Structures are given as structure tokens and as C-alpha cells.
file my_file-v2.cif (mmCIF, C-alpha atoms)
data_work
loop_
_atom_site.label_atom_id
_atom_site.label_comp_id
_atom_site.auth_asym_id
_atom_site.auth_seq_id
_atom_site.Cartn_x
_atom_site.Cartn_y
_atom_site.Cartn_z
CA MET A 13 30.49 71.60 -25.27
CA VAL A 14 26.78 71.19 -25.97
CA LYS A 15 27.36 67.67 -27.23
CA GLN A 16 29.34 66.80 -24.11
CA LEU A 17 26.60 68.20 -21.87
CA LYS A 18 23.97 66.24 -23.78
CA ASN A 19 25.99 63.05 -23.50
CA GLY A 20 26.50 63.67 -19.79
CA LEU A 21 22.79 64.17 -19.15
CA GLY A 22 22.05 61.13 -21.28
CA SER A 23 24.31 58.95 -19.16
CA VAL A 24 22.73 60.30 -15.95
CA PHE A 25 19.19 59.52 -17.09
CA SER A 26 19.98 56.31 -18.96
CA PRO A 27 18.86 54.04 -16.07
CA TRP A 28 15.42 55.67 -16.24
CA ARG A 29 15.25 55.64 -20.04
CA ASN A 30 15.85 51.90 -19.90
CA VAL A 31 12.78 51.52 -17.66
CA PHE A 32 10.28 53.63 -19.60
CA ASN A 33 8.69 52.91 -22.96
CA HIS A 34 10.06 49.36 -23.14
CA SER A 35 7.00 47.14 -23.20
CA CYS A 36 7.21 43.88 -25.06
CA GLY A 37 4.40 43.92 -27.59
CA SER A 38 0.84 44.97 -26.87
CA LEU A 39 -0.07 44.73 -23.19
CA PRO A 40 -3.45 43.11 -22.46
CA ARG A 41 -6.11 45.30 -20.90
CA ARG A 42 -6.79 44.44 -17.25
CA TYR A 43 -10.56 44.71 -17.34
CA GLU A 44 -10.98 43.35 -13.82
CA LEU A 45 -8.89 46.22 -12.45
CA ASP A 46 -10.91 48.72 -14.47
CA TRP A 47 -14.06 47.36 -12.83
CA LEU A 48 -12.41 47.43 -9.41
CA ARG A 49 -11.35 51.04 -9.94
CA VAL A 50 -14.92 52.04 -10.77
CA LEU A 51 -16.34 50.11 -7.81
CA ALA A 52 -13.70 51.33 -5.34
CA PHE A 53 -14.29 54.99 -6.14
CA GLY A 54 -18.06 54.45 -6.27
CA LEU A 55 -17.98 53.04 -2.75
CA LEU A 56 -16.51 56.34 -1.57
CA ILE A 57 -19.94 57.91 -2.01
CA PHE A 58 -21.48 55.42 0.40
CA TYR A 59 -18.55 55.66 2.80
CA HIS A 60 -18.42 59.45 2.96
CA THR A 61 -22.20 59.61 3.31
CA GLY A 62 -21.81 57.27 6.27
CA MET A 63 -19.32 59.72 7.78
CA LEU A 64 -22.16 62.22 8.15
CA TYR A 65 -23.88 59.87 10.59
CA SER A 66 -21.02 58.22 12.50
CA GLN A 67 -21.11 59.02 16.20
CA SER A 68 -17.39 58.74 16.92
CA TRP A 69 -15.58 59.56 13.67
CA GLY A 70 -14.77 63.17 12.82
CA PHE A 71 -15.92 64.73 9.56
CA HIS A 72 -16.29 68.18 8.02
CA PHE A 73 -20.04 68.20 8.61
CA LYS A 74 -22.36 66.08 10.72
CA SER A 75 -26.02 65.19 10.33
CA GLN A 76 -28.39 65.52 13.27
CA TYR A 77 -29.03 61.76 13.02
CA LEU A 78 -25.85 60.35 14.58
CA SER A 79 -25.41 56.67 15.35
CA SER A 80 -22.62 54.36 16.46
CA GLY A 81 -24.31 51.49 14.60
CA VAL A 82 -23.40 52.92 11.19
CA GLU A 83 -19.75 52.51 12.14
CA ASN A 84 -20.21 48.72 12.15
CA ALA A 85 -21.21 48.82 8.49
CA MET A 86 -18.39 51.23 7.63
CA LEU A 87 -15.84 48.90 9.21
CA LEU A 88 -16.63 46.50 6.37
CA LEU A 89 -14.97 48.98 3.97
CA SER A 90 -12.76 51.12 6.16
CA PRO A 91 -9.69 48.85 6.47
CA TRP A 92 -9.11 48.16 2.77
CA ARG A 93 -10.88 50.79 0.65
CA MET A 94 -7.87 53.11 0.21
CA GLY A 95 -5.38 50.25 0.10
CA LEU A 96 -7.19 48.87 -2.94
CA ILE A 97 -7.20 52.27 -4.66
CA TRP A 98 -3.48 52.65 -4.04
CA PHE A 99 -2.75 49.13 -5.30
CA ILE A 100 -4.68 49.78 -8.52
CA SER A 101 -2.82 53.08 -8.91
CA GLY A 102 0.48 51.20 -8.70
CA VAL A 103 -0.62 48.73 -11.37
CA ALA A 104 -1.70 51.63 -13.59
CA LEU A 105 1.70 53.31 -13.21
CA ARG A 106 3.42 50.12 -14.35
CA PHE A 107 1.34 50.00 -17.52
CA ILE A 108 1.74 53.74 -18.20
CA ALA A 109 5.52 53.64 -17.72
CA ALA A 110 5.70 50.79 -20.21
CA ARG A 111 4.27 52.90 -23.03
CA LEU A 112 5.56 56.43 -22.31
CA SER A 113 9.00 57.96 -22.34
CA PHE A 114 10.53 59.27 -19.11
CA TRP A 115 9.68 62.93 -19.73
CA ASP A 116 6.27 62.20 -21.22
CA PHE A 117 5.47 60.20 -18.10
CA LEU A 118 6.49 62.96 -15.68
CA VAL A 119 4.79 65.77 -17.56
CA SER A 120 1.56 63.96 -18.44
CA ARG A 121 1.11 62.49 -14.94
CA SER A 122 1.80 65.85 -13.30
CA ILE A 123 -0.80 67.63 -15.41
CA LEU A 124 -3.36 64.82 -15.14
CA ILE A 125 -3.10 64.77 -11.33
CA LEU A 126 -2.33 68.33 -10.28
CA LEU A 127 -4.58 70.28 -12.65
CA PRO A 128 -7.76 68.62 -11.26
CA LEU A 129 -6.32 69.01 -7.75
CA LEU A 130 -5.82 72.74 -8.32
CA VAL A 131 -9.34 73.11 -9.68
CA GLY A 132 -10.71 71.04 -6.81
CA ILE A 133 -9.13 72.98 -3.95
CA TRP A 134 -10.23 76.37 -5.30
CA PHE A 135 -13.64 75.61 -6.80
CA VAL A 136 -14.95 72.33 -5.33
CA VAL A 137 -13.63 71.93 -1.78
CA PRO A 138 -14.64 75.40 -0.42
CA VAL A 139 -18.27 74.32 0.02
CA GLN A 140 -17.06 71.78 2.58
CA LEU A 141 -15.31 74.49 4.61
CA TYR A 142 -18.41 76.68 4.40
CA ALA A 143 -20.64 73.93 5.80
CA GLN A 144 -18.08 73.07 8.48
CA MET A 145 -17.66 76.67 9.64
CA SER A 146 -21.43 77.24 9.58
CA GLN A 147 -21.96 74.26 11.87
CA GLU A 148 -18.97 74.74 14.17
CA SER A 149 -18.63 78.51 14.49
CA GLY A 150 -22.03 79.85 13.47
CA LEU A 151 -20.84 81.50 10.25
CA THR A 152 -23.44 84.07 9.17
CA LEU A 153 -22.17 84.87 5.67
CA ASN A 154 -24.00 83.53 2.66
CA TYR A 155 -21.98 81.31 0.36
CA TRP A 156 -21.14 84.02 -2.17
CA GLN A 157 -19.82 86.31 0.58
CA PHE A 158 -17.86 83.41 2.04
CA TYR A 159 -16.42 82.47 -1.34
CA GLN A 160 -15.21 86.01 -1.97
CA ALA A 161 -13.48 85.94 1.43
CA PHE A 162 -12.01 82.53 0.61
CA PHE A 163 -9.67 84.08 -1.95
CA ASP A 164 -8.24 86.43 0.68
CA LEU A 165 -5.52 84.30 2.30
CA SER A 166 -5.29 86.64 5.29
CA HIS A 167 -9.02 87.05 5.97
CA PRO A 168 -9.71 87.00 9.75
CA ILE A 169 -12.72 84.67 9.57
CA PHE A 170 -10.33 81.80 8.80
CA LYS A 171 -8.03 82.33 11.80
CA ASN A 172 -9.12 78.99 13.32
CA TYR A 173 -9.00 77.18 9.95
CA SER A 174 -5.50 78.09 8.78
CA ALA A 175 -4.11 74.64 7.92
CA GLY A 176 -3.77 73.77 4.25
CA ILE A 177 -1.63 73.92 1.12
CA TRP A 178 -2.12 77.65 1.44
CA PRO A 179 -3.74 79.27 4.50
CA HIS A 180 -7.27 77.73 4.85
CA VAL A 181 -7.01 76.37 1.28
CA ASP A 182 -6.79 72.63 1.89
CA VAL A 183 -7.17 69.41 -0.07
CA ASN A 184 -9.77 67.69 2.17
CA HIS A 185 -10.78 64.48 0.37
CA LEU A 186 -8.44 65.31 -2.52
CA TRP A 187 -5.43 64.36 -0.38
CA TYR A 188 -5.19 61.22 -2.51
CA LEU A 189 -4.27 63.30 -5.59
CA ARG A 190 -1.65 65.26 -3.68
CA SER A 191 -0.10 62.08 -2.31
CA LEU A 192 -0.41 60.25 -5.63
CA TRP A 193 1.74 62.87 -7.34
CA GLN A 194 4.30 62.90 -4.52
CA PHE A 195 4.46 59.10 -4.37
CA THR A 196 4.79 58.89 -8.15
CA LEU A 197 7.89 61.07 -7.99
CA LEU A 198 9.34 58.91 -5.23
CA LEU A 199 8.57 55.78 -7.22
CA VAL A 200 10.29 57.22 -10.30
CA LEU A 201 13.44 57.82 -8.25
CA ILE A 202 13.74 54.15 -7.32
CA LEU A 203 12.51 52.60 -10.57
CA PRO A 204 16.00 51.62 -11.81
CA LEU A 205 16.42 49.60 -8.59
CA LEU A 206 13.00 47.98 -8.90
CA HIS A 207 13.78 46.91 -12.47
CA LEU A 208 17.08 45.25 -11.67
CA SER A 209 17.02 41.68 -12.95
CA LYS A 210 17.68 40.28 -9.47
CA VAL A 211 14.79 42.25 -7.98
CA GLN A 212 12.43 41.14 -10.73
CA ALA A 213 13.57 37.53 -10.32
CA LEU A 214 12.94 37.77 -6.57
CA ILE A 215 9.40 39.08 -7.13
CA THR A 216 8.69 36.29 -9.61
CA TYR A 217 10.05 33.71 -7.18
CA LEU A 218 7.88 35.10 -4.36
CA CYS A 219 4.75 34.91 -6.52
CA GLU A 220 5.42 31.23 -7.16
CA GLN A 221 5.23 30.47 -3.44
CA PRO A 222 2.02 29.44 -1.63
CA LEU A 223 -0.42 32.30 -1.17
CA LEU A 224 0.04 32.21 2.61
CA ILE A 225 3.77 32.94 2.22
CA ILE A 226 3.04 35.80 -0.19
CA PHE A 227 0.48 37.24 2.22
CA ILE A 228 2.90 37.12 5.18
CA VAL A 229 5.69 38.78 3.16
CA LEU A 230 3.32 41.59 2.12
CA LEU A 231 1.89 41.92 5.63
CA LEU A 232 5.14 42.26 7.59
CA PRO A 233 6.10 45.71 6.19
CA LEU A 234 2.55 46.96 6.86
CA CYS A 235 2.71 45.77 10.47
CA ALA A 236 6.16 47.30 10.93
CA LEU A 237 4.86 50.62 9.63
CA LYS A 238 1.82 50.48 11.87
CA LEU A 239 3.97 49.83 14.94
CA SER A 240 6.40 52.65 14.17
CA TRP A 241 4.28 55.37 12.53
CA PRO A 242 1.85 57.80 14.22
CA SER A 243 -1.73 56.71 13.65
CA ASP A 244 -2.98 60.11 12.47
CA THR A 245 -0.63 60.10 9.45
CA PHE A 246 -0.36 56.34 8.84
CA ARG A 247 -2.49 56.56 5.69
CA TYR A 248 0.43 58.16 3.81
CA PRO A 249 3.13 55.48 4.18
CA MET A 250 0.41 52.83 3.93
CA GLY A 251 -0.66 54.30 0.59
CA ALA A 252 2.92 54.46 -0.65
CA LEU A 253 3.48 50.81 0.27
CA PHE A 254 0.32 49.59 -1.49
CA LEU A 255 1.29 51.68 -4.53
CA LEU A 256 4.65 49.90 -4.54
CA TYR A 257 2.93 46.51 -4.19
CA GLY A 258 0.69 47.28 -7.15
CA TYR A 259 3.64 48.32 -9.30
CA LEU A 260 5.72 45.25 -8.45
CA LEU A 261 2.87 42.75 -8.81
CA ALA A 262 1.26 44.25 -11.91
CA TRP A 263 2.81 41.73 -14.32
CA GLN A 264 2.76 38.63 -12.16
CA PRO A 265 0.06 36.33 -13.62
CA VAL A 266 0.90 33.51 -11.19
CA PHE A 267 -0.03 35.77 -8.28
CA TYR A 268 -3.44 36.60 -9.73
CA SER A 269 -4.06 32.97 -10.65
CA GLN A 270 -3.46 31.97 -7.05
CA LEU A 271 -5.89 34.64 -5.86
CA GLN A 272 -8.57 33.38 -8.22
CA ARG A 273 -8.18 29.80 -7.04
CA CYS A 274 -8.37 30.80 -3.36
CA TRP A 275 -11.22 33.33 -3.48
CA ARG A 276 -13.56 31.21 -1.34
CA VAL A 277 -10.95 30.79 1.40
CA LEU A 278 -10.13 34.50 1.30
CA LEU A 279 -13.82 35.39 1.53
CA GLY A 280 -14.29 33.16 4.58
CA LEU A 281 -11.24 34.62 6.31
CA PHE A 282 -12.40 38.14 5.48
CA ILE A 283 -15.82 37.55 7.07
CA VAL A 284 -14.19 36.20 10.23
CA GLY A 285 -11.77 39.13 10.25
CA TYR A 286 -14.60 41.62 9.87
CA LEU A 287 -16.49 40.16 12.85
CA LEU A 288 -13.32 40.29 14.95
CA VAL A 289 -12.64 43.89 13.89
CA VAL A 290 -16.16 44.99 14.88
CA ALA A 291 -15.85 43.22 18.24
CA GLY A 292 -12.39 44.66 18.86
CA TYR A 293 -13.53 48.13 17.84
CA HIS A 294 -16.21 48.21 20.54
CA ILE A 295 -14.38 46.21 23.22
CA ILE A 296 -10.87 47.66 22.82
CA TRP A 297 -10.68 50.79 20.70
CA GLN A 298 -13.80 52.35 22.22
CA ASN A 299 -12.73 51.43 25.75
CA PRO A 300 -10.61 54.26 27.23
CA VAL A 301 -9.03 51.93 29.83
CA SER A 302 -7.84 49.27 27.37
CA SER A 303 -4.25 48.20 27.91
CA GLN A 304 -1.57 49.05 25.36
CA TRP A 305 -1.15 45.35 24.62
CA HIS A 306 -4.81 45.04 23.66
CA VAL A 307 -4.67 48.20 21.53
CA THR A 308 -1.56 46.96 19.72
CA SER A 309 -3.17 43.56 19.10
CA MET A 310 -6.21 45.30 17.66
CA ASP A 311 -3.96 47.43 15.43
CA MET A 312 -2.34 44.29 14.04
CA LEU A 313 -5.73 42.67 13.43
CA TYR A 314 -6.96 45.76 11.60
CA THR A 315 -3.77 45.88 9.52
CA THR A 316 -4.20 42.21 8.59
CA GLN A 317 -7.81 42.89 7.59
CA ARG A 318 -6.57 45.80 5.48
CA LEU A 319 -4.38 43.54 3.36
CA LEU A 320 -6.89 40.69 3.39
CA GLY A 321 -9.57 43.00 2.02
CA VAL A 322 -7.34 44.12 -0.84
CA VAL A 323 -6.34 40.61 -1.91
CA LEU A 324 -9.96 39.44 -1.60
CA MET A 325 -11.19 42.20 -3.90
CA LEU A 326 -8.45 41.32 -6.40
CA ALA A 327 -9.45 37.65 -6.20
CA LEU A 328 -13.16 38.36 -6.68
CA ALA A 329 -12.39 40.65 -9.61
CA GLN A 330 -10.28 37.92 -11.22
CA ARG A 331 -13.10 35.44 -10.76
CA PHE A 332 -16.13 37.52 -11.72
CA LEU A 333 -15.07 40.78 -13.44
CA ASN A 334 -12.34 39.83 -15.89
CA ARG A 335 -14.33 40.78 -18.97
CA ASN A 336 -15.08 43.87 -21.00
CA HIS A 337 -18.45 45.61 -21.31
CA PRO A 338 -19.58 48.50 -23.54
CA ILE A 339 -20.25 50.72 -20.50
CA LEU A 340 -16.90 50.08 -18.79
CA SER A 341 -14.97 52.68 -20.78
CA LYS A 342 -17.53 55.38 -19.97
CA LEU A 343 -17.62 54.46 -16.28
CA ASN A 344 -13.82 54.54 -16.16
CA GLY A 345 -13.83 58.00 -17.67
CA ALA A 346 -16.27 59.19 -15.01
CA VAL A 347 -14.13 58.06 -12.06
CA PHE A 348 -12.00 61.20 -11.83
CA PRO A 349 -14.82 63.78 -11.91
CA PHE A 350 -16.90 61.65 -9.54
CA TYR A 351 -14.00 61.51 -7.11
CA ILE A 352 -13.34 65.26 -7.31
CA LEU A 353 -16.99 66.27 -6.88
CA HIS A 354 -18.60 63.63 -4.67
CA GLN A 355 -17.66 64.73 -1.14
CA SER A 356 -18.53 68.37 -1.74
CA VAL A 357 -21.87 67.32 -3.23
CA ILE A 358 -22.55 65.05 -0.23
CA ILE A 359 -21.79 67.79 2.29
CA ALA A 360 -23.69 70.45 0.34
CA LEU A 361 -26.77 68.21 0.22
CA ALA A 362 -26.49 67.38 3.93
CA PHE A 363 -26.16 71.09 4.76
CA TRP A 364 -29.22 71.87 2.64
CA PHE A 365 -31.30 69.00 4.02
CA THR A 366 -30.55 69.58 7.70
CA PRO A 367 -33.28 72.20 8.32
CA MET A 368 -35.83 69.98 6.52
CA GLN A 369 -35.52 67.17 9.10
CA LEU A 370 -36.19 64.45 6.53
CA GLY A 371 -35.52 61.60 8.95
CA VAL A 372 -32.85 58.98 9.44
CA ILE A 373 -33.92 56.89 6.42
CA ILE A 374 -34.99 59.42 3.79
CA GLU A 375 -32.08 61.81 4.30
CA PRO A 376 -29.19 59.40 3.58
CA LEU A 377 -31.08 57.76 0.72
CA ALA A 378 -31.71 61.16 -0.82
CA ILE A 379 -28.08 62.20 -0.36
CA ILE A 380 -26.69 59.02 -1.94
CA SER A 381 -29.05 58.98 -4.92
CA LEU A 382 -28.74 62.72 -5.62
CA THR A 383 -24.94 62.58 -5.30
CA PHE A 384 -24.76 59.94 -8.03
CA MET A 385 -27.15 61.90 -10.25
CA ILE A 386 -25.46 65.29 -9.74
CA CYS A 387 -21.97 63.90 -10.29
CA TRP A 388 -23.12 62.11 -13.44
CA PHE A 389 -24.79 65.30 -14.71
CA PHE A 390 -21.59 67.28 -14.24
CA TYR A 391 -19.58 64.52 -15.89
CA GLU A 392 -21.83 64.58 -18.96
CA VAL A 393 -21.60 68.37 -19.19
CA ILE A 394 -17.84 68.54 -18.66
CA SER A 395 -17.05 65.68 -21.05
CA GLY A 396 -18.94 67.54 -23.78
CA PHE A 397 -16.37 70.37 -23.79
CA ASP A 398 -12.79 69.35 -24.52
CA VAL A 399 -11.44 72.54 -22.96
CA LEU A 400 -12.97 71.53 -19.60
CA CYS A 401 -11.98 67.86 -19.67
CA PRO A 402 -8.37 68.22 -18.39
CA LEU A 403 -9.64 70.26 -15.43
CA PHE A 404 -11.40 67.15 -14.13
CA GLY A 405 -9.05 64.42 -15.36
CA ILE A 406 -11.16 63.44 -18.40
CA LYS A 407 -9.49 62.55 -21.68
CA PRO A 408 -10.71 64.94 -24.43
CA SER A 409 -12.60 63.22 -27.23
CA GLY A 410 -11.30 65.40 -30.06
CA GLN A 411 -8.26 64.74 -32.25
CA TYR A 412 -5.69 67.55 -32.19
CA SER A 413 -2.41 68.21 -33.93
CA ARG A 414 0.88 67.46 -32.19
CA LYS A 415 1.68 71.18 -32.08
CA LEU A 416 -1.60 72.05 -30.38
CA ARG A 417 -1.15 69.24 -27.86
CA PHE A 418 2.34 70.55 -27.08
CA TYR A 419 1.05 74.06 -26.38
CA ALA A 420 -1.79 72.69 -24.27
CA ARG A 421 0.73 70.76 -22.19
CA LEU A 422 2.91 73.83 -21.87
CA ILE A 423 0.00 75.92 -20.60
CA GLY A 424 -1.12 73.17 -18.23
CA PHE A 425 2.38 72.75 -16.85
CA GLY A 426 2.64 76.49 -16.30
CA ILE A 427 -0.66 76.56 -14.41
CA ILE A 428 0.32 73.79 -12.03
CA SER A 429 3.90 74.98 -11.44
CA PRO A 430 3.11 77.02 -8.27
CA LEU A 431 1.28 74.02 -6.80
CA MET A 432 4.19 71.74 -7.68
CA LEU A 433 6.59 74.00 -5.78
CA VAL A 434 4.33 74.08 -2.72
CA LEU A 435 3.99 70.29 -2.67
CA LEU A 436 7.72 69.74 -3.11
CA ILE A 437 8.81 72.09 -0.30
#

call {"tool": "encode", "arguments": {"input": "my_file-v2.cif", "output": "C-alpha cells"}}
result
Amino acid sequence: MVKQLKNGLGSVFSPWRNVFNHSCGSLPRRYELDWLRVLAFGLLIFYHTGMLYSQSWGFHFKSQYLSSGVENAMLLLSPWRMGLIWFISGVALRFIAARLSFWDFLVSRSILILLPLLVGIWFVVPVQLYAQMSQESGLTLNYWQFYQAFFDLSHPIFKNYSAGIWPHVDVNHLWYLRSLWQFTLLLVLILPLLHLSKVQALITYLCEQPLLIIFIVLLLPLCALKLSWPSDTFRYPMGALFLLYGYLLAWQPVFYSQLQRCWRVLLGLFIVGYLLVVAGYHIIWQNPVSSQWHVTSMDMLYTTQRLLGVVLMLALAQRFLNRNHPILSKLNGAVFPFYILHQSVIIALAFWFTPMQLGVIIEPLAIISLTFMICWFFYEVISGFDVLCPLFGIKPSGQYSRKLRFYARLIGFGIISPLMLVLLI
């Protein structure tokens, strides 16, 4: 009976076992994507600092020095910054699936993503809610009093801030980790289809076409999504689609070669697109009487710029960043803790600096420089203690027995299980 059950389960999961842990030889390291990953997450510090000062864009906390001009600079990054991160995540999943078994993939990815998310929402994100409530509702509690109340899910001070994974316990900027785990599960479900020989042959054939054809084929699903999906939640299907693009195009050298050859053309088109986006933003999106036709046209332009920005960054990385450096490994290891900490550090510094009235130049410069320094300090401290490393997505430096690693995984999986259930329901 047991043997029959085992054989039955084996036949059910055989399409997935044929996908995982089947790389052909040693896969080359994609150094240009490592550099892009570091740069993309590093740019988040500049972008989220800019959110403090944008006149029209909502954020958890706002500086007293608001300006609509800063939005022009942010529009240089805004269309493509998350699309690039999602694309790189898809490429990474392709490489990870090639070297791990099915169950190792699911368990290791779940712990790597959800354990830092759990730590972040309970110990990092609350400072953002404290600053927001202090500015919006005149909260009079000090932070320690607030933080004690934060663990009471029915506390009355949070009656107007009840949205979240749990009441008033939300992901804020860590929404990427929540969605990354959910999208990874969805991707795993369809992997046997994606690895069908006909599908792989079709992707290879597409990548052999002129770059304009490839761009149009990738753009059409994005435009269809934009036309059919509510704007306030569009970032989720957009992220899932770029993740899928990254996975499918990860091992297509012809595609990346075309990007490298065309980087000058892509750069020129991107500059023109950026100028049009800025003009359309002020003339159409900021105009309350704009016609629906104009708004839709602007949406399509912005969507095109989103994809153009991603392929341009990939092209520039192929041209200028496709090489290793002694510091790259360390910078790559710092990405996760930087991502988890940076927005809370930015908002905490802005909250602290507000009464000082440092001025429109000194304040943002101080916030940006101190955010990098504080995040790096925490990274150095955390990476020095192997027991803390998994809490912030850092790979421990020590060598441990297989038995100890098994128990560590078991404990980690137990800790994240309640969060997994919440995210799956």
C-alpha cells in the first residue's frame, strides 16, 4: 500500500521533478545581473527619499519641503524600477530551479523570502506607521508606548489603520517579498508547461527575430493588462508578468546579444520616451479635465517606457557590467538587508529631522547619506552572527552539518507557517 501511494505521488509530481535540478553542466554566473540587482535596489533609497518631497504622490510620511519638480526626476525611474527587479527575480528563479530539487526549491525559497518578511513587518515596518500616525492624527505616544500597543491587534488607536496582513500589521514597502513568494508558487504550478519542448522552441525562435519584434511581443501583454486592470493594483500582475519574462528569457543568449548591439538606439528612445512621459504627466495626468482618450494614450506611453527602461538597463549591463569584481559578492549579500531596512530608516530620519528645519538641500542629502551608512552598519553587524543572518536574507558564513541544517530549516518553516497560511487564504 505504501509503495503504491509512493508510486502514485511520484507520478503526480514527475512533471515537476523533470524541471528541477536538471541543469546541463556548470551554469555561468551572470555578473551583469548581479550588478543590476545591486543598482536596482540601491536606487530604491533615492526613490523613496524622493517620495518624502513629492507634492502629488502619497507616502507614509511627508517632509515640510514639498515640490512637484522632484516628480520630474522620479519619473526617470518610476516606470521601470520594479519591472527590472521582477525581471531579475525571474532570471534568478530559473538558475535556482536548475540546481535544486522540487522540495528543496519550495522550502528554501519560502524560508528565504518569508522569514525576513515576518521579521520586517513586526520589527522594521512599525516605525513607518508611528511616523505616519504622528503626522496624520497627532499621535501623542512615544515610540515605546506605541510599539507595545502595536502587538495588541485590537487596540483602539489603530481603528483608522486596520488594513494589513493582520489588523494594522502591514507589509508597506515589503510588499515585493509577499508577492515574490506568491508569484513563485504560481510559477511553480505552470513550470511543466513552460518547459515543454514546443514552448522552449517558440521562445528561442522569438529571440532570433529582430529586437523590434521581440519588444512588441513583450509589450502587448503589458498593454492588455494596463487596459483591463485597475490602476491601484496594476503593480501585481505587472510584476508577475516581468517575473515570467525573466524566467523565460534567462537562458537566451541571442536576446542579450541583440540588446548589447542596440544599446545606443535603446538609450536614445528611452530619453525621448522620458521627455514625453514628463510632458504627458503634467499636461494629461495632472489635468483633471483630460479626456479618457488622452489618459489612455498616456497610459500606453508609460507602459511602453516601462518595458523600454527594463530592456535598456539589461542592454547597458551587458555592455558595461558583464564582469566580476571582488566587492560584488559582498554588495550582493547586502541587498536583502538594505531592502528590508531602507524605507523605515528613511522615514525615521525624516521624522527626526523635521523639527530641525535643515532646509531643502541639507535634509535630503543627510537622509540619503545616513540611510546608506545605517543600513551598511546593520548589515555588518547582522552578517557577523550566523543566527541572525536568515532573519534578513543573508547567507550564513559558517559551515554546518547536514543534520543541523535540516533542523534549522524545520524551525524556520515552523516559524513562517502562520504567515504562509495568511498569504494563501

call {"tool": "resolve_selection", "arguments": {"input": "my_file-v2.cif", "expression": "the PyMOL selection byres ((chain A and resi 195-200) around 10)", "output": "JSON, numbers by chain"}}
result
{"A": [28, 31, 32, 101, 102, 105, 109, 114, 117, 118, 121, 122, 189, 190, 191, 192, 193, 194, 201, 202, 203, 204, 205, 206, 248, 249, 251, 252, 253, 255, 256, 259, 436]}

call {"tool": "write_last_selection", "arguments": {"input": "my_file-v2.cif", "atoms": "C-alpha atoms", "output": "PDB file, in the coordinates of the input"}}
result
ATOM      1  CA  TRP A  28      15.420  55.670 -16.240  1.00  0.00           C
ATOM      2  CA  VAL A  31      12.780  51.520 -17.660  1.00  0.00           C
ATOM      3  CA  PHE A  32      10.280  53.630 -19.600  1.00  0.00           C
ATOM      4  CA  SER A 101      -2.820  53.080  -8.910  1.00  0.00           C
ATOM      5  CA  GLY A 102       0.480  51.200  -8.700  1.00  0.00           C
ATOM      6  CA  LEU A 105       1.700  53.310 -13.210  1.00  0.00           C
ATOM      7  CA  ALA A 109       5.520  53.640 -17.720  1.00  0.00           C
ATOM      8  CA  PHE A 114      10.530  59.270 -19.110  1.00  0.00           C
ATOM      9  CA  PHE A 117       5.470  60.200 -18.100  1.00  0.00           C
ATOM     10  CA  LEU A 118       6.490  62.960 -15.680  1.00  0.00           C
ATOM     11  CA  ARG A 121       1.110  62.490 -14.940  1.00  0.00           C
ATOM     12  CA  SER A 122       1.800  65.850 -13.300  1.00  0.00           C
ATOM     13  CA  LEU A 189      -4.270  63.300  -5.590  1.00  0.00           C
ATOM     14  CA  ARG A 190      -1.650  65.260  -3.680  1.00  0.00           C
ATOM     15  CA  SER A 191      -0.100  62.080  -2.310  1.00  0.00           C
ATOM     16  CA  LEU A 192      -0.410  60.250  -5.630  1.00  0.00           C
ATOM     17  CA  TRP A 193       1.740  62.870  -7.340  1.00  0.00           C
ATOM     18  CA  GLN A 194       4.300  62.900  -4.520  1.00  0.00           C
ATOM     19  CA  LEU A 201      13.440  57.820  -8.250  1.00  0.00           C
ATOM     20  CA  ILE A 202      13.740  54.150  -7.320  1.00  0.00           C
ATOM     21  CA  LEU A 203      12.510  52.600 -10.570  1.00  0.00           C
ATOM     22  CA  PRO A 204      16.000  51.620 -11.810  1.00  0.00           C
ATOM     23  CA  LEU A 205      16.420  49.600  -8.590  1.00  0.00           C
ATOM     24  CA  LEU A 206      13.000  47.980  -8.900  1.00  0.00           C
ATOM     25  CA  TYR A 248       0.430  58.160   3.810  1.00  0.00           C
ATOM     26  CA  PRO A 249       3.130  55.480   4.180  1.00  0.00           C
ATOM     27  CA  GLY A 251      -0.660  54.300   0.590  1.00  0.00           C
ATOM     28  CA  ALA A 252       2.920  54.460  -0.650  1.00  0.00           C
ATOM     29  CA  LEU A 253       3.480  50.810   0.270  1.00  0.00           C
ATOM     30  CA  LEU A 255       1.290  51.680  -4.530  1.00  0.00           C
ATOM     31  CA  LEU A 256       4.650  49.900  -4.540  1.00  0.00           C
ATOM     32  CA  TYR A 259       3.640  48.320  -9.300  1.00  0.00           C
ATOM     33  CA  LEU A 436       7.720  69.740  -3.110  1.00  0.00           C
TER      34      LEU A 436
END

call {"tool": "resolve_selection", "arguments": {"input": "my_file-v2.cif", "expression": "the PyMOL selection byres ((chain A and resi 142) around 12)", "output": "number ranges by chain"}}
result
A: 72-73, 136-141, 143-162, 169-170, 173, 180-181, 356, 359-360, 363-364

call {"tool": "atom_distance", "arguments": {"input": "my_file-v2.cif", "atom1": "CA of Ile339 in chain A", "atom2": "CA of Arg421 in chain A"}}
result
29.1 Å

call {"tool": "closest_residue", "arguments": {"input": "my_file-v2.cif", "among": "A:Leu124, A:Leu96, A:Leu343, A:Val50", "to": "Met250 in chain A", "atoms": "all atoms listed in the file"}}
result
A:Leu96

call {"tool": "atom_distance", "arguments": {"input": "my_file-v2.cif", "atom1": "CA of His185 in chain A", "atom2": "CA of Phe246 in chain A"}}
result
15.7 Å

call {"tool": "residues_near_point", "arguments": {"input": "my_file-v2.cif", "point": "(-9.8, 41.1, 11.0)", "cutoff": "12 Å", "atoms": "only C-alpha atoms", "output": "ChimeraX atom specification"}}
result
/A:87-92,278-293,309-321
